[in-house]
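Report on the structure given below.
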Amino acid sequence: MTVRAFRVFGIVQGVGFRPFVYRTADALGLDGWVANVDGHVEGEVAGDPRTIDEFAARLGTGAPPLARVRRVDLTNGRTTPGKGFRVRRSASGHARTAVREIPPDAAVCDACLRELYDPADRRYHYPFINCTDCGPRATIIEDLPYDRSRTTMRRFPLCPACAAEYADPADRRFHAEPVACPACGPRIAWDELRGAAALRAAAKTVADGGIVAVKGLGGYQLVCDATDSEAVSSLRARKHRPSKPFAVMVRDVETAVRLARVSGTERAVLTSPARPVVLLASRRRHPIAPEVAPGVPRTGLFLPTTGLHHLLLDEVARPLVVTSGNLSDEPIAVEDVEAFGTLDGVADGFLTHDRPIRARYDDSVLRIEGRQRITVRRARGLAPEPLPLAARTSLAGAGAQLKHTFTLAGDGRAYLGPHTGDLSDAATYEAFCRSYAELTRLTGIEPTVLAHDLHPGYLSTQWAREQPRRRIAVQHHHAHVAAVAAEHGVSGPFLGVAYDGLGLGDDGTLWGGEILLADPSGYCRVGRFATASLPGGDAAVRHPSRTALGHLLDAEPLGAPRPSPALVRRFTEHLDPSETAAVRAMVARRVNCPRASSAGRLFDTVAALLGLADSVSYEGEAAVRLEAAAEAAPAVPLAHRIVRADGLWVYDSTPTLTDLLERRASGEPVRDLAAAFHLTLAGVTADLVARAVEGGAPHTVCLGGGCFVNGRLLTGVRRQLRSQGLRVLVGHEVPVGDGGISFGQAAVAAARLAKER
């Protein structure tokens, strides 16, 4: 008899892996044992050598659906196991030999759903139903190795029936750590009501036009009837969220298809265990209130993630707005006391429960373009599943300011932490610090190097500078394109196209429309957009009409004539005269008018010139409106001009804006001009890239930055670059906007450290 020890690394805890190992060994007639140890699985197996080899192969290829096996090590065993195969109690206190991987939460599976709706089942209508293939993971784990005693479920001792399932190798709940039932598990509450009565009270409040705070997997959620305009408007007013679209939860894919156009790829993403919000093209006739996504032709739809969500949807029998349980720009509430305080003036009632939430996770948001997924926000269901990254040294990326995330990296993997939000809010900054401390503890990654943005005003940069670690500063747009390159395994030179709002350049000015000749460790700027004033600095971001005046009155002089005074007057005639006069004075005197080469601010400008957005309530709103206005309209490109300036290829946007104003004055429809601008920008990008390639640049192009969330721009750019024979890459797993900055920072830092060796 041969004895072998095995160790399996990856996401192998909390995903039914030990039961899978047991069943595999038992089916092959092997003796031995398996246990969770630290963050991996290990054990011993005894039998015929060929059978042991087959066992090891099956561990890597036949793993449970939620598992991610990265490596299987097989070595000589030290002892002879007894007869049979068994699951041992998890071993703790071992020295950490590798980075520990945390499983994300998974939506309730089909098998559990069948039980949820079976009146004969003892978990009939039990909101917390789960098994080894589904349920909470990252949001309840307190420590590893993963056992019930190290989760927030330790407060709920198993009843005899659940204990029997937990111990039965043939049962679907064999070693399912969150296993529970109505007799022993968490319970929902509404004031003094419990169980089904609490659910009915919450559903009645929603059906009557009220707003309910529901304790979800990763935090509280605010829920109202998505078909009730008055309820949605009330939620906007109370949450201080004037126009940013809300997500809508629907019962099933069939309902989603009635509300939006759903491709095969979108269907697969909607029904995946992550259950993200998917931005779908809305149908022209649907019952969703227009206030849910005002002026936007897409609706963010997602399917229920828990038994509680399923039951609530059944009771109300309508699509539900389900949005973060917070006030605008604050972190999602997770503690009961915190939620009752923060949401008291927002919610008409609280549907809560007694299972604590250990980690804060908002909902993930994705968009599908063609067959490729674009991650807008990486959170519940996706984070903190690690991504490959060539990092030997333990390090961290501190992230940006908006759409903040952080990244921990080491041992060839990177953990992109969950979406945090805008760090300018004190509560969000505190949430980041807590989340960072928690994930470093769980993964065992103690960074010796911190990568951060160049901008000294970012709180993430200030945080990094306060830490007693080596620091590496990474330019914002290099981080954007390096994130894309790292996700796709590009280790050599590439061309990076970085289009976003604003980021500090290495020359101390504000960038945002950049063509970079780069590799993972460094870059040089080969192209850019022309600069223009931002009257009022940050205020211009909130008031696109100011950005427009900055472009019309103070664009970088590159030889093209500026729009005529008559065209400028035509634009300003609908604006506040005193505001316009103040902006003119600021520009003339160059007072608080920083210059920026920003693609995002050019989108704002065009939206303002077309009357779509004089002011906005959230970052990127003007661009969203501009994309929405374009719809599927045919387009004739606007004028554009590429010039050589200071050794760079520069897009002079003045001819584009002049042509836009002239065609608008001639009566051309707004939708045609919106479409024309998107087509023009795709052509400008292709032109800038072609000139770089003619100069010897690589044929691989990485697209990064928040502007590429815009599907029309992304599709147009990709099509034109591919027609030039170029390889075009964009982030799929890593957020394309500032949520991916931390991953890019980590990639750059890892590459620079590797060069030092």
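Letters A, B, ... mark the chains of the structure tokens in the order given; residue numbers begin at 1 per chain; ligand numbers begin at 1, in order shown.
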
May I have the residues within 8 Å of Ser364 of chain A as a VMD selection string, using only C-alpha atoms and disregarding those fewer than 4 positions away in the same chain?
chain A and resid 276 to 277 376 to 382

DSSP on the backbone, then: every residue of segment 147-388 of chain A marked alpha helix (DSSP H), written as a VMD selection string.
chain A and resid 160 to 167 195 to 207 229 to 239 253 to 259 264 to 270 307 to 316 336 to 342

Can I get the residues of segment 651-677 of chain A within 9 Å of segment 681-699 of chain A, each with the closest pair of atoms and their distance in Å to one decimal, using only C-alpha atoms, sorted chain first then ascending number, as a Markdown table?
```
| residue | atom | partner | partner_atom | distance |
| --- | --- | --- | --- | --- |
| A:Tyr651 | CA | A:Val684 | CA | 7.2 |
| A:Ala676 | CA | A:Leu681 | CA | 8.6 |
| A:Phe677 | CA | A:Leu681 | CA | 6.1 |
```

Those selected residues, please, written with N, CA, C and O atoms and delivered as an mmCIF file, in the first residue's frame.
```cif
data_model
loop_
_atom_site.group_PDB
_atom_site.id
_atom_site.type_symbol
_atom_site.label_atom_id
_atom_site.label_comp_id
_atom_site.auth_asym_id
_atom_site.auth_seq_id
_atom_site.Cartn_x
_atom_site.Cartn_y
_atom_site.Cartn_z
ATOM 1 N N TYR A 651 -4.734 65.743 -29.737
ATOM 2 C CA TYR A 651 -6.069 65.924 -30.317
ATOM 3 C C TYR A 651 -6.561 67.319 -29.964
ATOM 4 O O TYR A 651 -6.791 67.635 -28.800
ATOM 5 N N ALA A 676 -22.704 61.418 -33.284
ATOM 6 C CA ALA A 676 -21.553 61.898 -34.053
ATOM 7 C C ALA A 676 -20.333 62.093 -33.161
ATOM 8 O O ALA A 676 -19.202 61.792 -33.553
ATOM 9 N N PHE A 677 -20.546 62.588 -31.939
ATOM 10 C CA PHE A 677 -19.414 62.799 -31.044
ATOM 11 C C PHE A 677 -18.772 61.466 -30.668
ATOM 12 O O PHE A 677 -17.536 61.344 -30.643
#
```

What are the closest atom pairs, with distances in Å to one decimal, for each residue of segment 403-478 of chain A lying within 12 Å of segment 612-624 of chain A, using only C-alpha atoms, rows by chain and rising residue number, as a tab-separated table?
```
residue	atom	partner	partner_atom	distance
A:Lys403	CA	A:Glu619	CA	9.9
A:Gly421	CA	A:Glu619	CA	11.8
A:Asp422	CA	A:Glu619	CA	10.4
```

For segment 516-528 of chain A, list every protein, DNA or RNA residue within 6 Å, evaluated using only C-alpha atoms, and leave out those in the same chain fewer than 6 positions away; present the list as an mmCIF file with all heavy atoms, in the first residue's frame.
```cif
data_model
loop_
_atom_site.group_PDB
_atom_site.id
_atom_site.type_symbol
_atom_site.label_atom_id
_atom_site.label_comp_id
_atom_site.auth_asym_id
_atom_site.auth_seq_id
_atom_site.Cartn_x
_atom_site.Cartn_y
_atom_site.Cartn_z
ATOM 1 N N ALA A 482 -2.194 49.591 -16.821
ATOM 2 C CA ALA A 482 -1.439 48.470 -16.263
ATOM 3 C C ALA A 482 -2.375 47.429 -15.664
ATOM 4 O O ALA A 482 -2.076 46.221 -15.689
ATOM 5 C CB ALA A 482 -0.458 48.966 -15.204
ATOM 6 N N GLY A 492 5.020 42.436 -21.570
ATOM 7 C CA GLY A 492 5.914 43.278 -22.361
ATOM 8 C C GLY A 492 5.301 44.622 -22.672
ATOM 9 O O GLY A 492 4.266 45.004 -22.115
ATOM 10 N N PRO A 493 5.914 45.370 -23.578
ATOM 11 C CA PRO A 493 5.402 46.703 -23.932
ATOM 12 C C PRO A 493 4.020 46.637 -24.571
ATOM 13 O O PRO A 493 3.661 45.661 -25.233
ATOM 14 C CB PRO A 493 6.443 47.226 -24.929
ATOM 15 C CG PRO A 493 7.676 46.420 -24.667
ATOM 16 C CD PRO A 493 7.183 45.069 -24.258
ATOM 17 N N PHE A 494 3.251 47.690 -24.374
ATOM 18 C CA PHE A 494 1.928 47.814 -24.971
ATOM 19 C C PHE A 494 1.583 49.294 -25.088
ATOM 20 O O PHE A 494 2.251 50.154 -24.501
ATOM 21 C CB PHE A 494 0.873 47.091 -24.129
ATOM 22 C CG PHE A 494 0.743 47.626 -22.722
ATOM 23 C CD1 PHE A 494 -0.142 48.656 -22.418
ATOM 24 C CD2 PHE A 494 1.504 47.099 -21.686
ATOM 25 C CE1 PHE A 494 -0.261 49.161 -21.124
ATOM 26 C CE2 PHE A 494 1.389 47.580 -20.391
ATOM 27 C CZ PHE A 494 0.516 48.615 -20.116
ATOM 28 N N LEU A 495 0.553 49.583 -25.867
ATOM 29 C CA LEU A 495 0.007 50.937 -25.932
ATOM 30 C C LEU A 495 -1.178 51.020 -24.987
ATOM 31 O O LEU A 495 -2.046 50.141 -25.004
ATOM 32 C CB LEU A 495 -0.453 51.277 -27.351
ATOM 33 C CG LEU A 495 0.527 52.019 -28.257
ATOM 34 C CD1 LEU A 495 -0.095 52.215 -29.633
ATOM 35 C CD2 LEU A 495 0.931 53.366 -27.683
ATOM 36 N N GLY A 496 -1.203 52.041 -24.172
ATOM 37 C CA GLY A 496 -2.315 52.235 -23.265
ATOM 38 C C GLY A 496 -3.133 53.443 -23.659
ATOM 39 O O GLY A 496 -2.580 54.519 -23.917
ATOM 40 N N LEU A 648 4.512 65.349 -28.714
ATOM 41 C CA LEU A 648 3.372 64.456 -28.551
ATOM 42 C C LEU A 648 2.366 64.672 -29.672
ATOM 43 O O LEU A 648 2.252 65.776 -30.234
ATOM 44 C CB LEU A 648 2.679 64.709 -27.207
ATOM 45 C CG LEU A 648 3.511 64.591 -25.932
ATOM 46 C CD1 LEU A 648 2.654 64.976 -24.734
ATOM 47 C CD2 LEU A 648 4.064 63.192 -25.768
ATOM 48 N N TRP A 649 1.593 63.624 -29.968
ATOM 49 C CA TRP A 649 0.434 63.780 -30.834
ATOM 50 C C TRP A 649 -0.731 64.267 -29.977
ATOM 51 O O TRP A 649 -1.054 63.660 -28.959
ATOM 52 C CB TRP A 649 0.068 62.458 -31.513
ATOM 53 C CG TRP A 649 1.121 61.984 -32.481
ATOM 54 C CD1 TRP A 649 1.957 60.929 -32.345
ATOM 55 C CD2 TRP A 649 1.431 62.588 -33.739
ATOM 56 N NE1 TRP A 649 2.787 60.814 -33.432
ATOM 57 C CE2 TRP A 649 2.489 61.826 -34.309
ATOM 58 C CE3 TRP A 649 0.953 63.694 -34.435
ATOM 59 C CZ2 TRP A 649 3.061 62.134 -35.546
ATOM 60 C CZ3 TRP A 649 1.513 64.000 -35.668
ATOM 61 C CH2 TRP A 649 2.545 63.232 -36.218
ATOM 62 N N VAL A 650 -1.347 65.374 -30.398
ATOM 63 C CA VAL A 650 -2.359 66.031 -29.569
ATOM 64 C C VAL A 650 -3.657 66.171 -30.358
ATOM 65 O O VAL A 650 -3.656 66.672 -31.494
ATOM 66 C CB VAL A 650 -1.885 67.414 -29.087
ATOM 67 C CG1 VAL A 650 -2.954 68.067 -28.207
ATOM 68 C CG2 VAL A 650 -0.575 67.290 -28.321
ATOM 69 N N VAL A 748 1.959 47.528 -11.100
ATOM 70 C CA VAL A 748 3.133 48.365 -11.381
ATOM 71 C C VAL A 748 4.196 48.166 -10.306
ATOM 72 O O VAL A 748 5.385 48.005 -10.596
ATOM 73 C CB VAL A 748 2.731 49.848 -11.482
ATOM 74 C CG1 VAL A 748 3.967 50.739 -11.576
ATOM 75 C CG2 VAL A 748 1.826 50.071 -12.689
ATOM 76 N N ALA A 751 5.964 44.863 -10.725
ATOM 77 C CA ALA A 751 6.895 44.879 -11.859
ATOM 78 C C ALA A 751 8.169 45.649 -11.518
ATOM 79 O O ALA A 751 9.274 45.239 -11.888
ATOM 80 C CB ALA A 751 6.211 45.490 -13.083
ATOM 81 N N ARG A 752 8.017 46.765 -10.817
ATOM 82 C CA ARG A 752 9.212 47.544 -10.453
ATOM 83 C C ARG A 752 10.082 46.790 -9.456
ATOM 84 O O ARG A 752 11.318 46.820 -9.541
ATOM 85 C CB ARG A 752 8.784 48.895 -9.882
ATOM 86 C CG ARG A 752 8.177 49.817 -10.929
ATOM 87 C CD ARG A 752 7.800 51.164 -10.329
ATOM 88 N NE ARG A 752 7.100 51.984 -11.312
ATOM 89 C CZ ARG A 752 6.537 53.158 -11.040
ATOM 90 N NH1 ARG A 752 6.596 53.650 -9.803
ATOM 91 N NH2 ARG A 752 5.921 53.839 -11.984
#
```

Would you please work out which residue, of A:Thr407, A:Ser424, A:Thr205, A:Gln401, is nearest to Leu504 of chain A when using only C-alpha atoms?
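Of the candidates, the smallest distance to Leu504 of chain A is held by A:Gln401.
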
List every residue of segment 442-546 of chain A that DSSP, applied to the backbone of this structure, places in strand (DSSP E), and write the result as JSON, numbers by chain.
{"A": [449, 450, 451, 452, 453, 470, 471, 472, 473, 474, 494, 495, 496, 497, 498, 499, 500, 501, 502, 503, 504, 510, 511, 512, 513, 514, 515, 516, 517, 518, 519, 522, 523, 524, 525, 526, 527, 528, 529, 532, 533]}

So that I can see what lies close to Ala163 of chain A, please list as an MDAnalysis selection string the residues with an atom at most 12 Å from it, counting only C-alpha atoms and leaving out residues fewer than 5 positions away in the same chain.
chainID A and resid 148 156:158 168:169 171 173:181 183:185

For those residues, write C-alpha atoms to a file as an mmCIF file, in the first residue's frame.
```cif
data_model
loop_
_atom_site.group_PDB
_atom_site.id
_atom_site.type_symbol
_atom_site.label_atom_id
_atom_site.label_comp_id
_atom_site.auth_asym_id
_atom_site.auth_seq_id
_atom_site.Cartn_x
_atom_site.Cartn_y
_atom_site.Cartn_z
ATOM 1 C CA ARG A 148 -18.724 27.237 11.811
ATOM 2 C CA PHE A 156 -26.479 29.364 16.473
ATOM 3 C CA PRO A 157 -25.868 25.812 17.817
ATOM 4 C CA LEU A 158 -27.067 23.122 15.433
ATOM 5 C CA ASP A 168 -23.693 12.792 6.890
ATOM 6 C CA PRO A 169 -21.243 12.359 3.949
ATOM 7 C CA ASP A 171 -25.991 14.825 2.467
ATOM 8 C CA ARG A 173 -25.138 19.902 3.737
ATOM 9 C CA PHE A 174 -22.222 17.728 4.849
ATOM 10 C CA HIS A 175 -19.869 20.240 6.519
ATOM 11 C CA ALA A 176 -21.864 23.211 5.176
ATOM 12 C CA GLU A 177 -20.829 25.696 7.842
ATOM 13 C CA PRO A 178 -23.785 28.166 7.574
ATOM 14 C CA VAL A 179 -26.338 25.321 7.710
ATOM 15 C CA ALA A 180 -29.450 26.254 9.699
ATOM 16 C CA CYS A 181 -33.192 25.742 9.906
ATOM 17 C CA ALA A 183 -35.432 25.460 14.807
ATOM 18 C CA CYS A 184 -31.816 26.527 15.279
ATOM 19 C CA GLY A 185 -30.880 29.301 12.859
#
```

In Å, with one decimal, what is the gap from atom CA of Phe128 of chain A to atom CA of Thr428 of chain A?
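Atom CA of Thr428 of chain A lies at a distance of 28.7 Å from atom CA of Phe128 of chain A.
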
Counting only C-alpha atoms, the residue among A:Ala400, A:Leu312, A:Ala237, A:Leu657 that lies closest to Val206 of chain A is A:Leu312

With a distance cut-off of 12 Å and only C-alpha atoms, select the neighbouring residues of Thr265 of chain A, excluding the residue or stretch itself and same-chain residues fewer than 6 positions from it, and output the selection as a VMD selection string.
chain A and resid 271 to 272 278 280 366 to 374

Requested write-out: C-alpha atoms of the selected residues, as a compact mmCIF listing (two decimals), in the first residue's frame:
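Generated file (out13.txt):
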```
# COMPACT_ATOMS: atom_id res chain seq x y z
CA THR A 271 -28.01 33.66 -13.21
CA SER A 272 -24.41 33.12 -12.07
CA VAL A 278 -26.45 43.77 -14.92
CA LEU A 280 -29.56 45.92 -19.58
CA LEU A 366 -21.58 44.53 -14.65
CA ARG A 367 -22.27 45.52 -18.22
CA ILE A 368 -22.03 43.28 -21.27
CA GLU A 369 -20.75 44.65 -24.57
CA GLY A 370 -20.98 42.09 -27.33
CA ARG A 371 -19.98 38.96 -25.45
CA GLN A 372 -17.51 40.64 -23.16
CA ARG A 373 -18.29 41.61 -19.62
CA ILE A 374 -17.23 44.98 -18.26
```

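The neighbours of Val99 of chain A here are the residues that come within 7 Å of it, using only C-alpha atoms and leaving out any residue fewer than 3 positions away in the same chain; they are Asp411, Thr443, Gly444 and Ile445 of chain A.
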
Nearest to Glu42 of chain A, restricted to only C-alpha atoms and choosing among A:Thr255, A:Phe571, A:Ser90, A:Ala63, comes out as A:Ser90
